[in-house]
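> Pasting a structure here, questions to come.
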Amino acid sequence: MKKHLVIAFLLAAMTTQAQEITFWEKVNNMVTKYPGVDTTRIYQPKAGFSLGLFTTSQKAGFDVDDIFDIVDDEGNSMPATTTYSLSENLCDKIGLEVGYGKVILGYSLEVGPKSALKKRSLTLNILGRSWGLHFNYFSISNPFKTGIELGQPESESYWHDELVSDELAKLRSLTFDGYYVFNNKRFAFPATYKVGLVQRRTAGSWMLTARYMQGDLINTPEGALSNLNLLDCFSIMQVSLGGGYSANFVLWHKDPTGQRDKGLRNLTLNLTAMPVITLFNYLKTTAYEYDEELHHTSDRVSKVLCRPMPNYIGSAGLSFSWNRFFFSTQFTYNWFYFRSRDAIDATQFDLQNYDLRDIHFQDAFHDWTLKGTLTYRF
């Protein structure tokens with residue numbers, strides 16, 4: 001009996017150990033392997049670690065327009081427009097990327113003149129053959145600009161001015177992107193973005209995409225005083241779904257002739273267009289209230305669900321593979337737009353002896369990036 005128990009215990013321990021090994025093997029395979037590809041269209045270099053140096057030029061920010069009618073005590077009405085913006089100047093950065101299989105983590109530092117007085121950013125990519133995820137966070141702090149126009153430009157009562165806040169305002173954005181490729185056996189979407197897949201022959205595919213974005217503009221009560229207290233803070237939350245088409249055009253390809261991919265030559269161009277519909281579009285605006293001595297006392301908050309809006313994600317990439325070296329350059333463009341007639345309560349505009357009517361609020365978050373990367377796979 002004891003002998004049977006010892007044998008059963010040993011078998012159970014061996015089975016548990018085998019299951020643990022199998023689990024980690026599955027995790028490693030999920031990160032490094034691309035099973036089921038058409039090898040006549042896609043070449044898979046040996047998966048492993050990669051080290052890359054990159055440089056980027058980019059610009060991000062937001063623009064807001066409020067269009068409304070302003071009415072005085074006598075019932076006279078005139079059109080008015082206020083504009084708000086916070087953005088960085090053209091930014092140049094250099095950075096380092098470390099990758100293993102499908103996972104890439106990058107860190108960069110700004111070089112040359114600063115694009116913003118304070119800036120933070122972080123990116124993480126998981127780029128698979130059939131699906132992938134992209135995480136991006138950035139924040140910038142710069143002066144907050146406000147413009148105002150009253151009346152028609154050709155009228156005698158026309159007046160306009162532009163103000164810049166005395167203190168810094170902060171803009172921050174958190175974005176999660178995901179994609180799914182239908183023709184993932186013949187088309188390698190990551191081919192121009194990372195080491196791991198090489199497109200042998202021209203191919204394309206329809207794709208699905210989803211995006212979650214959360215953005216905030218934070219202006220201090222002290223800084224808002226220098227901008228007529230027209231708009232002080234706002235937050236957005238968006239969930240977008242869409243799809244589009246992506247194609248890899250193979251301009252030159254030569255299969256490797258030796259070990260470690262010696263002799264590999266490849267030049268591939270990628271073009272991607274991904275229109276999306278922002279289905280969930282939440283907006284919160286805040287205006288500060290002050291006492292007679294201009295001390296901040298309370299906040300006036302307005303919350304609204306904006307109607308669905310069309311938006312756009314687009315990119316272009318060019319990659320060049322030479323043995324274990326990989327050079328790529330990509331251009332990405334994002335434009336996310338929303339508008340509402342209910343986003344701002346008229347009482348947020350603290351103008352004595354005037355009423356505000358028919359307020360139209362429209363805003364756009366935008367960013368574009370040009371990136372070049374040189375990677376070595378080992």
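In the structure tokens, chains take the letters A, B, ... in the order shown, each chain's residues start at 1, and ligands count up from 1 in the order shown.
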What are the nearest atom pairs, with distances in Å to one decimal, for all residues of segment 176-234 of chain A that come at most 9 Å from segment 19-40 of chain A, using only C-alpha atoms, set out by chain and rising residue number as CSV?


```
residue,atom,partner,partner_atom,distance
A:Asn184,CA,A:Val37,CA,7.3
A:Lys185,CA,A:Val37,CA,4.3
A:Arg186,CA,A:Asp38,CA,5.4
A:Phe187,CA,A:Val37,CA,8.6
A:Ala188,CA,A:Val37,CA,9.0
A:Gly196,CA,A:Thr32,CA,8.3
A:Leu197,CA,A:Tyr34,CA,8.5
A:Arg200,CA,A:Thr40,CA,7.0
A:Arg201,CA,A:Thr40,CA,7.7
```

> Let's have the selection written as a short mmCIF file (atom, residue, chain, number, x, y, z; two decimals), in the first residue's frame, with N, CA and C atoms.


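Contents of selection.cif, as written:
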```
data_model
loop_
_atom_site.label_atom_id
_atom_site.label_comp_id
_atom_site.auth_asym_id
_atom_site.auth_seq_id
_atom_site.Cartn_x
_atom_site.Cartn_y
_atom_site.Cartn_z
N ASN A 184 -4.53 37.33 -41.85
CA ASN A 184 -3.29 37.31 -41.07
C ASN A 184 -2.34 36.18 -41.46
N LYS A 185 -2.76 35.26 -42.29
CA LYS A 185 -1.86 34.20 -42.74
C LYS A 185 -0.94 34.67 -43.87
N ARG A 186 -1.40 35.63 -44.67
CA ARG A 186 -0.62 36.10 -45.82
C ARG A 186 -0.11 37.53 -45.66
N PHE A 187 -0.71 38.26 -44.73
CA PHE A 187 -0.37 39.68 -44.57
C PHE A 187 0.21 39.89 -43.18
N ALA A 188 1.41 40.47 -43.11
CA ALA A 188 2.09 40.73 -41.84
C ALA A 188 2.02 42.22 -41.54
N GLY A 196 10.71 40.66 -36.66
CA GLY A 196 9.94 39.47 -36.30
C GLY A 196 9.18 38.87 -37.45
N LEU A 197 8.71 39.71 -38.38
CA LEU A 197 8.00 39.24 -39.57
C LEU A 197 8.49 40.03 -40.77
N ARG A 200 7.24 38.77 -47.74
CA ARG A 200 7.96 38.32 -48.93
C ARG A 200 7.34 38.82 -50.22
N ARG A 201 6.01 38.83 -50.26
CA ARG A 201 5.28 39.23 -51.45
C ARG A 201 4.18 40.21 -51.06
#
```

> When DSSP is applied to the backbone of this structure, which of segment 92-338 of chain A are assigned helix (DSSP H, G or I)? Write them out as JSON, numbers by chain.

{"A": [189, 190, 191, 192, 221, 222, 223, 224, 225, 259, 260, 261]}

> Put those residues in a file: N, CA and C atoms, as a PDB file, in the first residue's frame.


```pdb
ATOM      1  N   PHE A 189       1.019  42.648 -40.784  1.00  0.00           N
ATOM      2  CA  PHE A 189       0.861  44.063 -40.458  1.00  0.00           C
ATOM      3  C   PHE A 189       2.077  44.637 -39.727  1.00  0.00           C
ATOM      4  N   PRO A 190       2.725  43.901 -38.789  1.00  0.00           N
ATOM      5  CA  PRO A 190       3.873  44.491 -38.077  1.00  0.00           C
ATOM      6  C   PRO A 190       5.154  44.555 -38.892  1.00  0.00           C
ATOM      7  N   ALA A 191       5.150  44.120 -40.157  1.00  0.00           N
ATOM      8  CA  ALA A 191       6.403  43.970 -40.904  1.00  0.00           C
ATOM      9  C   ALA A 191       7.202  45.263 -41.012  1.00  0.00           C
ATOM     10  N   THR A 192       6.543  46.410 -41.091  1.00  0.00           N
ATOM     11  CA  THR A 192       7.270  47.679 -41.215  1.00  0.00           C
ATOM     12  C   THR A 192       7.427  48.390 -39.874  1.00  0.00           C
ATOM     13  N   PRO A 221      -6.904  77.632 -10.815  1.00  0.00           N
ATOM     14  CA  PRO A 221      -7.755  78.813 -10.594  1.00  0.00           C
ATOM     15  C   PRO A 221      -7.006  80.121 -10.788  1.00  0.00           C
ATOM     16  N   GLU A 222      -5.728  80.157 -10.407  1.00  0.00           N
ATOM     17  CA  GLU A 222      -4.937  81.370 -10.588  1.00  0.00           C
ATOM     18  C   GLU A 222      -4.678  81.628 -12.072  1.00  0.00           C
ATOM     19  N   GLY A 223      -4.362  80.566 -12.823  1.00  0.00           N
ATOM     20  CA  GLY A 223      -4.118  80.732 -14.242  1.00  0.00           C
ATOM     21  C   GLY A 223      -5.368  81.102 -15.011  1.00  0.00           C
ATOM     22  N   ALA A 224      -6.523  80.611 -14.558  1.00  0.00           N
ATOM     23  CA  ALA A 224      -7.764  80.902 -15.270  1.00  0.00           C
ATOM     24  C   ALA A 224      -8.136  82.378 -15.203  1.00  0.00           C
ATOM     25  N   LEU A 225      -7.736  83.079 -14.165  1.00  0.00           N
ATOM     26  CA  LEU A 225      -8.076  84.495 -14.034  1.00  0.00           C
ATOM     27  C   LEU A 225      -7.489  85.322 -15.167  1.00  0.00           C
ATOM     28  N   GLN A 259      23.059  31.031 -42.028  1.00  0.00           N
ATOM     29  CA  GLN A 259      22.540  31.064 -40.673  1.00  0.00           C
ATOM     30  C   GLN A 259      22.426  32.497 -40.176  1.00  0.00           C
ATOM     31  N   ARG A 260      21.590  32.640 -39.141  1.00  0.00           N
ATOM     32  CA  ARG A 260      21.343  33.955 -38.531  1.00  0.00           C
ATOM     33  C   ARG A 260      20.871  34.967 -39.563  1.00  0.00           C
ATOM     34  N   ASP A 261      20.145  34.461 -40.583  1.00  0.00           N
ATOM     35  CA  ASP A 261      19.513  35.304 -41.610  1.00  0.00           C
ATOM     36  C   ASP A 261      20.516  36.087 -42.448  1.00  0.00           C
TER      37      ASP A 261
END
```

> Check segment 241-363 of chain A with DSSP on the backbone and list each residue it calls strand (DSSP E), as a ChimeraX atom specification.

/A:241-254,265-290,296-305,309-322,325-340,354-363

> Could you pull the residues within 7 Å of Thr375 of chain A, counting only C-alpha atoms, minus those fewer than 3 positions along the same chain, as a list in words?

Ser50, Leu51, Gly52, Leu53, Phe325, Phe326 and Phe327 of chain A

> I'd like the interatomic distance between atom CA of Asp66 of chain A and atom CA of Tyr158 of chain A, to a tenth of an Å.

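Atom-to-atom, atom CA of Asp66 of chain A to atom CA of Tyr158 of chain A, that is 17.1 Å.
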
> Would you tabulate, counting only C-alpha atoms, all residues of segment 197-253 of chain A that have an atom at most 10 Å from an atom of segment 125-137 of chain A, showing the closest pair of atoms and their distance in Å to one decimal, sorted by chain then ascending number, as a tab-separated table?


```
residue	atom	partner	partner_atom	distance
A:Leu197	CA	A:Arg129	CA	8.2
A:Met207	CA	A:Ser130	CA	9.5
A:Leu208	CA	A:Trp131	CA	9.4
A:Thr209	CA	A:Trp131	CA	9.5
A:Ala210	CA	A:Leu133	CA	9.7
A:Arg211	CA	A:His134	CA	9.4
A:Tyr212	CA	A:Phe135	CA	9.9
A:Met213	CA	A:Asn136	CA	9.6
A:Gln214	CA	A:Tyr137	CA	9.7
A:Gly215	CA	A:Tyr137	CA	9.9
```

> Those same residues, written as a PDB file, in the first residue's frame with C-alpha atoms?


```
ATOM      1  CA  LEU A 197       8.002  39.236 -39.566  1.00  0.00           C
ATOM      2  CA  MET A 207      -8.745  45.219 -40.389  1.00  0.00           C
ATOM      3  CA  LEU A 208     -10.807  46.035 -37.314  1.00  0.00           C
ATOM      4  CA  THR A 209      -9.671  48.532 -34.705  1.00  0.00           C
ATOM      5  CA  ALA A 210     -10.816  49.783 -31.304  1.00  0.00           C
ATOM      6  CA  ARG A 211      -9.593  52.746 -29.276  1.00  0.00           C
ATOM      7  CA  TYR A 212     -10.095  53.992 -25.740  1.00  0.00           C
ATOM      8  CA  MET A 213      -8.908  57.537 -25.057  1.00  0.00           C
ATOM      9  CA  GLN A 214      -9.056  59.675 -21.941  1.00  0.00           C
ATOM     10  CA  GLY A 215      -7.880  63.272 -22.018  1.00  0.00           C
TER      11      GLY A 215
END
```

> Take atom CA of Lys194 of chain A and atom CA of Gly243 of chain A and report the distance between them in Å, one decimal.

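Distance reported for this atom pair: 21.9 Å.
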
> Looking at A:Asp69, A:Asp232, A:Asp363, A:Asp166, which one is nearest to Ser302 of chain A, with distances taken over only C-alpha atoms?

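Under the stated criterion, the closest residue is A:Asp232.
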
> As an exercise, work out the distance from atom CA of Thr329 of chain A to atom CA of Gly242 of chain A in Å and give it to one decimal place.

24.9 Å
